[in-house]
Amino acid sequence: MFQKLQALEEKFEALSLMLGDAELIAVPTKYRQTAQAHAELKEIIDKFREYKAISQEIAGTKRLLEEEQEEELLEMAREEFQQLEEQKARCEEDLKLLLIPKDPKDAKNAILEIRAGTGGDEATLFAQSIFRMYSRYAEGHGWTVDVLSVHHSSVGGFKEIIAMIQGENVYSRFKYESGVHRVQRVPETETQGRLHTSAITVAVLPEVDEVDIHIDPKELRIDTYCSSGPGGQSVNTTYSAVRITHIPSGEVVTCQDEKSQIKNRSKAMKVLRSRLYEKALQHQQNEIAQKRRAMVGSGDRSEKIRTYNFPQNRVTDHRLGLSLHQLNTIMEGDLDTIVDALITTERAEALKDQKIA
């Protein structure tokens with residue numbers, strides 16, 4: 001493992017020299033790529049150098065313990081040695097975490113898709129509540145939410161809503177939300193106070209650039225039609241809504257949120273690219289018999305991941321076996337406690353095979 005760290009340090013030093021090369025600076029694209037690679041290595045190299053410095057201090061303290069005769073100085077050296085050993089152990093754990101391969105999709109924006117499932121009107125109202133929860137969560141992290149498509153129910157809920165979440169490392173935290181979310185509460189329309197159970201599905205996809213997946217324009221059928229629903233005077237007067245069908249896969253994406261047909265088409269293409277990328281990735285994973293699924297789950301949409309029990313003010317994440325009696329704050333977007341626990345669990349699973357010699 002230390003050989004790997006030393007190799008990374010050599011690479012880091014080489015990249016540092018390259019960043020000062022005038023010829024590289026003259027080529028913005030290559031300079032940007034080099035700077036990004038340098039920045040990605042900096043944290044682990046800083047930690048590795050800290051580890052080596054602590055190891056040197058430990059070696060010096062050992063020599064002092066072997067040579068020193070005065071008891072008072074020996075006691076001070078023993079205390080220092082103990083502190084250094086503890087620092088070294090913490091540093092090793094940090095290095096193990098930093099050596100876990102990062103998901104290259106983590107830095108991407110995310111496309112959030114929420115659909116009402118079983119439960120009729122109550123499911124559409126819950127879909128609306130969950131979208132509000134995610135919007136508050138995004139707002140708390142300084143991310144922006146851009147609605148791409150929405151289909152309302154007769155009671156004002158969402159049959160389906162698709163949105164783009166944009167910001168720094170959005171996908172790294174939203175990716176754990178894919179799955180089935182179940183709600184247990186008394187609907188506002190329930191006169192006898194009976195508890196109902198409804199469900200919605202959430203899918204979170206990384207935004208995919210054109211360079212990530214190629215779509216042949218000849219394989220697309222693009223239809224335009226008049227928008228429907230809220231939107232002002234232009235609704236039903238211009239063919240601004242867009243429906244894109246990817247003929248080989250049968251995937252269909254619609255977008256009517258914008259008054260501009262060009263903008264709707266651009267948004268629909270982003271969703272289509274992400275869906276096709278997800279399908280291609282899943283196919284690849286199946287072909288190579290991907291290693292056993294981590295405890296946090298695969299993000300399969302059919303997997304029940306969380307239950308929201310309103311009478312008990314309780315949220316249970318079934319992947320973790322974690323129950324929190326703070327539903328009110330979670331519905332206001334305070335999701336970090338759950339997300340942090342999922343990240344910690346995922347890292348713990350990945351650490352099982354990590355060793356530092």
# chains A, B, ... in the order shown; residues from 1 in each chain; ligands from 1

call {"tool": "closest_atom_pairs", "arguments": {"of": "stretch 146-251 of chain A", "to": "stretch 255-270 of chain A", "cutoff": "7 Å", "atoms": "only C-alpha atoms", "output": "tab-separated table"}}
result
residue	atom	partner	partner_atom	distance
A:Leu148	CA	A:Asp257	CA	6.0
A:Ser149	CA	A:Cys255	CA	5.1
A:Glu207	CA	A:Lys270	CA	6.9
A:Val208	CA	A:Lys270	CA	6.9
A:Ser227	CA	A:Gln256	CA	5.8
A:Ser240	CA	A:Gln261	CA	4.1
A:Ala241	CA	A:Gln256	CA	4.2
A:Val242	CA	A:Cys255	CA	5.4
A:Arg243	CA	A:Cys255	CA	6.6

call {"tool": "residues_around", "arguments": {"residues": "A:Ile213", "least_positions_apart": "2", "cutoff": "12 Å", "atoms": "only C-alpha atoms", "output": "MDAnalysis selection string"}}
result
chainID A and resid 207:211 215:216 269:270 272:281

call {"tool": "atom_distance", "arguments": {"atom1": "atom CA of A:Ser129", "atom2": "atom CA of A:Glu332"}}
result
9.4 Å
